[in-house]
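**Q** Contents of entry20.txt (compact mmCIF, N, CA and C atoms and all ligand atoms):
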# COMPACT_ATOMS: atom_id res chain seq x y z
N MET A 253 -29.08 -1.30 13.54
CA MET A 253 -30.02 -0.80 12.55
C MET A 253 -29.41 0.28 11.66
N LYS A 254 -28.52 1.09 12.27
CA LYS A 254 -27.98 2.24 11.55
C LYS A 254 -27.18 1.86 10.29
N PRO A 255 -26.23 0.89 10.38
CA PRO A 255 -25.47 0.56 9.16
C PRO A 255 -26.36 0.12 8.00
N LEU A 256 -27.40 -0.67 8.32
CA LEU A 256 -28.30 -1.12 7.27
C LEU A 256 -29.04 0.06 6.65
N LEU A 257 -29.55 0.96 7.49
CA LEU A 257 -30.29 2.11 6.96
C LEU A 257 -29.40 3.00 6.10
N LEU A 258 -28.13 3.18 6.53
CA LEU A 258 -27.17 3.95 5.72
C LEU A 258 -26.93 3.23 4.39
N GLY A 259 -26.74 1.92 4.49
CA GLY A 259 -26.50 1.11 3.29
C GLY A 259 -27.68 1.14 2.34
N ALA A 260 -28.88 1.25 2.91
CA ALA A 260 -30.10 1.28 2.10
C ALA A 260 -30.34 2.67 1.48
N GLY A 261 -29.51 3.65 1.89
CA GLY A 261 -29.60 4.97 1.26
C GLY A 261 -30.23 6.06 2.11
N VAL A 262 -30.45 5.80 3.40
CA VAL A 262 -30.94 6.87 4.28
C VAL A 262 -29.77 7.83 4.53
N PRO A 263 -29.98 9.14 4.33
CA PRO A 263 -28.87 10.07 4.57
C PRO A 263 -28.43 10.07 6.04
N GLU A 264 -27.11 10.15 6.23
CA GLU A 264 -26.52 10.15 7.58
C GLU A 264 -27.21 11.14 8.51
N HIS A 265 -27.48 12.35 7.99
CA HIS A 265 -28.01 13.40 8.88
C HIS A 265 -29.41 13.08 9.40
N GLN A 266 -30.14 12.19 8.71
CA GLN A 266 -31.47 11.83 9.21
C GLN A 266 -31.41 10.79 10.31
N LEU A 267 -30.23 10.22 10.51
CA LEU A 267 -30.06 9.22 11.56
C LEU A 267 -29.44 9.83 12.80
N PHE A 268 -29.19 11.12 12.74
CA PHE A 268 -28.58 11.79 13.87
C PHE A 268 -29.67 12.30 14.81
N ILE A 269 -29.45 12.11 16.09
CA ILE A 269 -30.41 12.63 17.06
C ILE A 269 -29.69 13.67 17.91
N ILE A 270 -30.20 14.89 17.89
CA ILE A 270 -29.60 15.97 18.66
C ILE A 270 -29.74 15.64 20.15
N SER A 271 -28.63 15.70 20.87
CA SER A 271 -28.72 15.35 22.29
C SER A 271 -29.24 16.53 23.10
N LYS A 272 -30.46 16.42 23.52
CA LYS A 272 -31.11 17.40 24.39
C LYS A 272 -32.24 16.66 25.09
N THR A 273 -32.93 17.34 25.97
CA THR A 273 -34.01 16.68 26.70
C THR A 273 -35.27 16.68 25.85
N TYR A 274 -35.85 15.51 25.68
CA TYR A 274 -37.09 15.39 24.92
C TYR A 274 -38.23 15.01 25.85
N LYS A 275 -39.43 15.38 25.46
CA LYS A 275 -40.61 14.97 26.23
C LYS A 275 -40.78 13.47 26.09
N THR A 276 -41.29 12.83 27.13
CA THR A 276 -41.50 11.39 27.12
C THR A 276 -42.38 10.97 25.94
N LYS A 277 -43.42 11.79 25.68
CA LYS A 277 -44.34 11.47 24.58
C LYS A 277 -43.60 11.48 23.23
N THR A 278 -42.70 12.46 23.05
CA THR A 278 -41.91 12.55 21.82
C THR A 278 -41.06 11.29 21.64
N LEU A 279 -40.41 10.88 22.72
CA LEU A 279 -39.55 9.69 22.66
C LEU A 279 -40.37 8.43 22.41
N ALA A 280 -41.52 8.33 23.09
CA ALA A 280 -42.37 7.14 22.93
C ALA A 280 -42.88 7.04 21.50
N THR A 281 -43.31 8.18 20.93
CA THR A 281 -43.80 8.19 19.55
C THR A 281 -42.69 7.77 18.59
N ALA A 282 -41.50 8.32 18.80
CA ALA A 282 -40.36 8.00 17.93
C ALA A 282 -39.99 6.52 18.06
N PHE A 283 -40.01 6.01 19.28
CA PHE A 283 -39.66 4.60 19.49
C PHE A 283 -40.67 3.68 18.80
N ASP A 284 -41.97 4.01 18.96
CA ASP A 284 -43.01 3.19 18.32
C ASP A 284 -42.85 3.18 16.80
N TRP A 285 -42.59 4.37 16.25
CA TRP A 285 -42.43 4.49 14.80
C TRP A 285 -41.24 3.64 14.32
N LEU A 286 -40.12 3.74 15.06
CA LEU A 286 -38.92 3.00 14.69
C LEU A 286 -39.13 1.49 14.85
N HIS A 287 -39.86 1.12 15.89
CA HIS A 287 -40.15 -0.30 16.11
C HIS A 287 -41.01 -0.86 14.97
N ASP A 288 -42.01 -0.09 14.54
CA ASP A 288 -42.84 -0.52 13.41
C ASP A 288 -41.99 -0.70 12.15
N LEU A 289 -41.05 0.23 11.95
CA LEU A 289 -40.15 0.13 10.79
C LEU A 289 -39.32 -1.15 10.88
N PHE A 290 -38.80 -1.39 12.07
CA PHE A 290 -37.94 -2.55 12.31
C PHE A 290 -38.70 -3.86 12.07
N MET A 291 -39.99 -3.87 12.40
CA MET A 291 -40.79 -5.09 12.27
C MET A 291 -41.43 -5.23 10.88
N SER A 292 -41.20 -4.27 10.01
CA SER A 292 -41.89 -4.27 8.72
C SER A 292 -41.31 -5.31 7.75
N GLN A 293 -42.13 -5.69 6.81
CA GLN A 293 -41.69 -6.58 5.73
C GLN A 293 -40.54 -5.94 4.95
N GLN A 294 -40.66 -4.62 4.72
CA GLN A 294 -39.65 -3.91 3.95
C GLN A 294 -38.27 -3.99 4.60
N TYR A 295 -38.24 -3.81 5.94
CA TYR A 295 -36.97 -3.91 6.67
C TYR A 295 -36.44 -5.34 6.61
N GLY A 296 -37.34 -6.30 6.79
CA GLY A 296 -36.96 -7.71 6.75
C GLY A 296 -36.35 -8.10 5.42
N ASP A 297 -36.95 -7.61 4.33
CA ASP A 297 -36.42 -7.91 2.99
C ASP A 297 -35.00 -7.37 2.82
N CYS A 298 -34.77 -6.16 3.35
CA CYS A 298 -33.43 -5.56 3.27
C CYS A 298 -32.45 -6.33 4.15
N LEU A 299 -32.94 -6.75 5.32
CA LEU A 299 -32.07 -7.43 6.27
C LEU A 299 -31.51 -8.73 5.69
N ILE A 300 -32.33 -9.44 4.94
CA ILE A 300 -31.88 -10.70 4.32
C ILE A 300 -30.69 -10.42 3.39
N VAL A 301 -30.81 -9.39 2.56
CA VAL A 301 -29.71 -9.03 1.65
C VAL A 301 -28.50 -8.53 2.43
N TRP A 302 -28.79 -7.66 3.44
CA TRP A 302 -27.72 -7.05 4.24
C TRP A 302 -26.87 -8.12 4.91
N ARG A 303 -27.52 -9.16 5.44
CA ARG A 303 -26.80 -10.21 6.17
C ARG A 303 -26.10 -11.21 5.27
N SER A 304 -26.31 -11.11 3.95
CA SER A 304 -25.64 -12.04 3.03
C SER A 304 -24.16 -11.71 2.92
N VAL A 305 -23.77 -10.53 3.42
CA VAL A 305 -22.38 -10.07 3.36
C VAL A 305 -22.02 -9.52 4.74
N GLU A 306 -20.76 -9.67 5.15
CA GLU A 306 -20.31 -9.13 6.44
C GLU A 306 -20.38 -7.61 6.43
N PRO A 307 -20.68 -6.98 7.60
CA PRO A 307 -20.71 -5.51 7.66
C PRO A 307 -19.41 -4.87 7.17
N GLU A 308 -18.26 -5.50 7.50
CA GLU A 308 -16.96 -4.95 7.08
C GLU A 308 -16.85 -4.93 5.54
N THR A 309 -17.48 -5.92 4.91
CA THR A 309 -17.42 -5.99 3.45
C THR A 309 -18.22 -4.84 2.83
N TRP A 310 -19.40 -4.55 3.39
CA TRP A 310 -20.18 -3.40 2.90
C TRP A 310 -19.35 -2.13 3.04
N GLU A 311 -18.67 -2.00 4.20
CA GLU A 311 -17.85 -0.81 4.46
C GLU A 311 -16.71 -0.72 3.44
N ARG A 312 -16.09 -1.86 3.13
CA ARG A 312 -15.00 -1.88 2.15
C ARG A 312 -15.51 -1.48 0.75
N TYR A 313 -16.68 -1.99 0.37
CA TYR A 313 -17.28 -1.60 -0.92
C TYR A 313 -17.41 -0.08 -0.99
N ARG A 314 -17.89 0.50 0.15
CA ARG A 314 -18.13 1.94 0.18
C ARG A 314 -16.81 2.72 0.02
N LEU A 315 -15.81 2.31 0.82
CA LEU A 315 -14.52 3.01 0.80
C LEU A 315 -13.81 2.89 -0.54
N LEU A 316 -13.92 1.72 -1.17
CA LEU A 316 -13.24 1.49 -2.44
C LEU A 316 -14.12 1.85 -3.65
N ASP A 317 -15.33 2.35 -3.35
CA ASP A 317 -16.28 2.74 -4.39
C ASP A 317 -16.58 1.60 -5.36
N VAL A 318 -16.73 0.41 -4.80
CA VAL A 318 -17.11 -0.76 -5.60
C VAL A 318 -18.62 -0.70 -5.83
N GLN A 319 -19.04 -0.83 -7.08
CA GLN A 319 -20.48 -0.74 -7.39
C GLN A 319 -20.90 -1.84 -8.35
N GLY A 320 -22.18 -2.13 -8.34
CA GLY A 320 -22.75 -3.02 -9.35
C GLY A 320 -22.68 -4.50 -9.06
N LEU A 321 -22.18 -4.89 -7.87
CA LEU A 321 -22.17 -6.31 -7.53
C LEU A 321 -23.60 -6.78 -7.28
N THR A 322 -23.81 -8.08 -7.42
CA THR A 322 -25.16 -8.63 -7.28
C THR A 322 -25.82 -8.23 -5.97
N GLU A 323 -25.07 -8.38 -4.84
CA GLU A 323 -25.66 -8.06 -3.54
C GLU A 323 -25.97 -6.56 -3.43
N GLN A 324 -25.17 -5.72 -4.09
CA GLN A 324 -25.42 -4.28 -4.06
C GLN A 324 -26.68 -3.93 -4.86
N ARG A 325 -26.81 -4.57 -6.03
CA ARG A 325 -28.00 -4.31 -6.85
C ARG A 325 -29.26 -4.77 -6.13
N LEU A 326 -29.15 -5.93 -5.46
CA LEU A 326 -30.29 -6.45 -4.69
C LEU A 326 -30.66 -5.50 -3.55
N LEU A 327 -29.64 -4.97 -2.86
CA LEU A 327 -29.90 -4.07 -1.74
C LEU A 327 -30.59 -2.79 -2.23
N ILE A 328 -30.13 -2.26 -3.36
CA ILE A 328 -30.76 -1.06 -3.92
C ILE A 328 -32.23 -1.34 -4.25
N GLU A 329 -32.47 -2.50 -4.85
CA GLU A 329 -33.84 -2.87 -5.22
C GLU A 329 -34.73 -3.01 -3.98
N LYS A 330 -34.22 -3.72 -2.97
CA LYS A 330 -35.01 -3.97 -1.76
C LYS A 330 -35.13 -2.74 -0.88
N SER A 331 -34.22 -1.78 -1.04
CA SER A 331 -34.26 -0.61 -0.16
C SER A 331 -35.29 0.43 -0.60
N LYS A 332 -35.74 0.36 -1.86
CA LYS A 332 -36.70 1.36 -2.33
C LYS A 332 -37.99 1.39 -1.49
N PRO A 333 -38.62 0.22 -1.26
CA PRO A 333 -39.82 0.25 -0.39
C PRO A 333 -39.49 0.68 1.05
N LEU A 334 -38.28 0.33 1.52
CA LEU A 334 -37.89 0.72 2.88
C LEU A 334 -37.74 2.25 2.98
N ILE A 335 -37.14 2.84 1.96
CA ILE A 335 -36.96 4.29 1.95
C ILE A 335 -38.32 5.01 1.93
N ARG A 336 -39.27 4.44 1.16
CA ARG A 336 -40.62 5.03 1.15
C ARG A 336 -41.21 5.00 2.55
N LEU A 337 -41.01 3.88 3.25
CA LEU A 337 -41.50 3.76 4.61
C LEU A 337 -40.78 4.74 5.54
N TRP A 338 -39.48 4.89 5.34
CA TRP A 338 -38.66 5.80 6.15
C TRP A 338 -39.16 7.25 6.02
N LYS A 339 -39.63 7.59 4.82
CA LYS A 339 -40.09 8.98 4.58
C LYS A 339 -41.51 9.20 5.08
N ASN A 340 -42.23 8.12 5.42
CA ASN A 340 -43.63 8.25 5.79
C ASN A 340 -43.80 8.57 7.28
N LYS A 341 -44.23 9.81 7.56
CA LYS A 341 -44.52 10.25 8.93
C LYS A 341 -43.34 10.09 9.89
N ARG A 342 -42.12 10.30 9.38
CA ARG A 342 -40.95 10.17 10.25
C ARG A 342 -41.00 11.22 11.36
N PRO A 343 -40.84 10.79 12.63
CA PRO A 343 -40.92 11.75 13.74
C PRO A 343 -39.84 12.83 13.65
N ARG A 344 -40.16 13.96 14.22
CA ARG A 344 -39.24 15.11 14.19
C ARG A 344 -37.89 14.78 14.84
N LEU A 345 -37.90 13.82 15.73
CA LEU A 345 -36.66 13.42 16.39
C LEU A 345 -35.57 13.04 15.38
N PHE A 346 -36.00 12.50 14.25
CA PHE A 346 -35.04 12.09 13.21
C PHE A 346 -34.87 13.16 12.13
N MET A 347 -34.95 14.40 12.53
CA MET A 347 -34.84 15.50 11.57
C MET A 347 -33.52 16.25 11.70
N ASN A 348 -32.87 16.13 12.87
CA ASN A 348 -31.54 16.69 13.10
C ASN A 348 -31.36 18.17 12.80
N ARG A 349 -32.41 18.96 12.89
CA ARG A 349 -32.24 20.39 12.65
C ARG A 349 -32.77 21.15 13.85
N GLN A 350 -32.07 22.20 14.24
CA GLN A 350 -32.62 23.09 15.27
C GLN A 350 -32.09 24.50 15.10
N LYS A 351 -32.87 25.46 15.58
CA LYS A 351 -32.50 26.86 15.47
C LYS A 351 -31.59 27.26 16.62
N GLU A 352 -30.49 27.94 16.29
CA GLU A 352 -29.55 28.41 17.31
C GLU A 352 -28.93 29.72 16.83
N LEU A 353 -28.32 30.40 17.78
CA LEU A 353 -27.57 31.61 17.42
C LEU A 353 -26.19 31.18 16.92
N CYS A 354 -25.82 31.65 15.75
CA CYS A 354 -24.52 31.31 15.18
C CYS A 354 -23.50 32.37 15.59
N PRO A 355 -22.43 31.99 16.32
CA PRO A 355 -21.42 32.97 16.75
C PRO A 355 -20.68 33.60 15.56
N GLU A 356 -20.61 32.90 14.46
CA GLU A 356 -19.87 33.39 13.30
C GLU A 356 -20.60 34.53 12.58
N CYS A 357 -21.84 34.28 12.18
CA CYS A 357 -22.58 35.30 11.43
C CYS A 357 -23.55 36.09 12.32
N GLU A 358 -23.63 35.68 13.60
CA GLU A 358 -24.47 36.36 14.59
C GLU A 358 -25.94 36.42 14.19
N GLU A 359 -26.39 35.40 13.46
CA GLU A 359 -27.80 35.27 13.10
C GLU A 359 -28.37 34.06 13.83
N THR A 360 -29.69 34.09 14.03
CA THR A 360 -30.34 32.88 14.52
C THR A 360 -30.62 32.01 13.30
N ALA A 361 -29.89 30.92 13.23
CA ALA A 361 -29.93 30.11 12.01
C ALA A 361 -30.36 28.68 12.33
N VAL A 362 -30.80 27.98 11.31
CA VAL A 362 -31.07 26.56 11.44
C VAL A 362 -29.74 25.83 11.31
N PHE A 363 -29.45 24.99 12.27
CA PHE A 363 -28.23 24.19 12.22
C PHE A 363 -28.58 22.74 11.86
N THR A 364 -27.77 22.15 11.01
CA THR A 364 -27.92 20.72 10.74
C THR A 364 -26.82 19.98 11.50
N TYR A 365 -27.16 18.83 12.02
CA TYR A 365 -26.24 18.03 12.82
C TYR A 365 -25.94 16.71 12.14
N GLU A 366 -24.72 16.26 12.21
CA GLU A 366 -24.41 14.89 11.79
C GLU A 366 -23.15 14.39 12.46
N THR A 367 -23.03 13.08 12.52
CA THR A 367 -21.80 12.52 13.07
C THR A 367 -20.70 12.68 12.04
N HIS A 368 -19.45 12.75 12.52
CA HIS A 368 -18.33 12.88 11.59
C HIS A 368 -18.18 11.58 10.81
N GLN A 369 -17.84 11.71 9.53
CA GLN A 369 -17.80 10.56 8.64
C GLN A 369 -16.82 9.47 9.10
N TYR A 370 -15.66 9.88 9.60
CA TYR A 370 -14.63 8.89 9.91
C TYR A 370 -14.34 8.74 11.39
N ASP A 371 -14.95 9.54 12.22
CA ASP A 371 -14.59 9.54 13.63
C ASP A 371 -15.84 9.78 14.46
N ASP A 372 -16.29 8.76 15.18
CA ASP A 372 -17.54 8.95 15.92
C ASP A 372 -17.32 9.50 17.32
N LEU A 373 -16.13 10.04 17.59
CA LEU A 373 -15.88 10.64 18.90
C LEU A 373 -16.44 12.06 18.97
N PHE A 374 -16.74 12.64 17.83
CA PHE A 374 -17.34 13.96 17.85
C PHE A 374 -18.34 14.08 16.72
N TYR A 375 -19.18 15.11 16.79
CA TYR A 375 -20.08 15.35 15.69
C TYR A 375 -19.93 16.78 15.21
N ILE A 376 -20.56 17.09 14.12
CA ILE A 376 -20.40 18.42 13.56
C ILE A 376 -21.77 19.06 13.37
N LYS A 377 -21.80 20.37 13.48
CA LYS A 377 -23.02 21.09 13.16
C LYS A 377 -22.66 22.22 12.21
N GLU A 378 -23.58 22.50 11.31
CA GLU A 378 -23.31 23.49 10.28
C GLU A 378 -24.40 24.53 10.24
N CYS A 379 -24.00 25.80 10.19
CA CYS A 379 -24.94 26.90 10.08
C CYS A 379 -25.45 26.96 8.64
N THR A 380 -26.77 26.99 8.46
CA THR A 380 -27.31 27.00 7.10
C THR A 380 -27.29 28.40 6.47
N ILE A 381 -26.86 29.42 7.25
CA ILE A 381 -26.74 30.76 6.66
C ILE A 381 -25.31 30.99 6.15
N CYS A 382 -24.31 30.85 7.04
CA CYS A 382 -22.93 31.16 6.63
C CYS A 382 -22.11 29.89 6.33
N ASN A 383 -22.71 28.71 6.53
CA ASN A 383 -22.05 27.43 6.28
C ASN A 383 -20.84 27.15 7.16
N LYS A 384 -20.70 27.91 8.26
CA LYS A 384 -19.61 27.63 9.20
C LYS A 384 -19.88 26.27 9.85
N VAL A 385 -18.84 25.44 9.90
CA VAL A 385 -18.97 24.10 10.50
C VAL A 385 -18.30 24.11 11.87
N TYR A 386 -19.04 23.64 12.87
CA TYR A 386 -18.51 23.56 14.23
C TYR A 386 -18.30 22.11 14.61
N ARG A 387 -17.21 21.86 15.30
CA ARG A 387 -16.94 20.51 15.80
C ARG A 387 -17.36 20.46 17.26
N ILE A 388 -18.11 19.43 17.62
CA ILE A 388 -18.56 19.27 19.01
C ILE A 388 -18.10 17.92 19.53
N ASP A 389 -17.28 17.94 20.57
CA ASP A 389 -16.81 16.68 21.15
C ASP A 389 -17.92 16.05 21.97
N LYS A 390 -17.97 14.73 21.93
CA LYS A 390 -19.02 14.03 22.68
C LYS A 390 -18.66 13.96 24.16
ZN ZN A 401 -23.71 31.36 10.66
What does this structure look like when you write it as structure tokens?
**A**
Amino acid sequence: MKPLLLGAGVPEHQLFIISKTYKTKTLATAFDWLHDLFMSQQYGDCLIVWRSVEPETWERYRLLDVQGLTEQRLLIEKSKPLIRLWKNKRPRLFMNRQKELCPECEETAVFTYETHQYDDLFYIKECTICNKVYRIDK
């Protein structure tokens, strides 16, 4: 699901889930919401376009900054309703932000989390006050 959502324009950081213990109710709510998204007409419409090209080809388009191909224009068109759905009542689990003490600026700051762009063996978190970026190994 993740490559398609990224391809459809969902920001990487919204697909990151901070690894910590969540309440069962929180997880169940998030799972139901994601399942509804997965079963939606909007997701299905995107999936048809997404599957018209191999995942490696989408990745190559991104790396080489290829734009304006028919399948890309179609994906942009079909992803608009999906993005609207993605923004509607999205559970906090997909928010990737939490308050922590920053060792650098010694403030309690909101940290944003995301996976590293080229290496999924670690992720990064950034302090929203001093912008210090920390690398966290998985
Ligand atoms: Zn800081």
**Q** Please, which residues have at least one atom within 7 Å of an atom of ligand ZN 401 (chain A), using only C-alpha atoms and all ligand atoms, listed as a PyMOL selection string?
**A** chain A and resi 354-359+361+379-384
**Q** Out of A:Pro263, A:Met347, A:Glu366, A:Leu256, which residue has the shortest atom-to-atom distance to Glu306 in chain A when counting only C-alpha atoms?
**A**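 Looking at the shortest contact to Glu306 in chain A, the residue is A:Leu256.
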**Q** Pick out the closest residue to Phe346 in chain A from this set: A:Leu257, A:Ile269, A:Ile328, A:Ile376. Count only N, CA and C atoms.
**A** A:Ile269
**Q** Quick one: pick out all strand (DSSP E or B) residues within chain A from a backbone DSSP run and write them as an MDAnalysis selection string.
**A** chainID A and resid 349:353 360:367 374:379 385:389
**Q** Within 5 Å of (-20.0, 22.3, 17.2), only N, CA and C atoms: residues as a list in words?
**A** Lys377, Tyr386, Arg387 and Ile388 of chain A
**Q** So the first atom is CA of Met291 in chain A and the second is CA of Leu334 in chain A; what is the distance between them in Å, to one decimal place?
**A**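 That distance, rounded to one decimal, is 11.4 Å.
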**Q** Can you pull out the residues contacting Glu323 in chain A? Cut-off 9 Å, using only C-alpha atoms, and skip same-chain residues under 6 positions away; I want them as a PyMOL selection string.
**A** chain A and resi 301-302+304-305
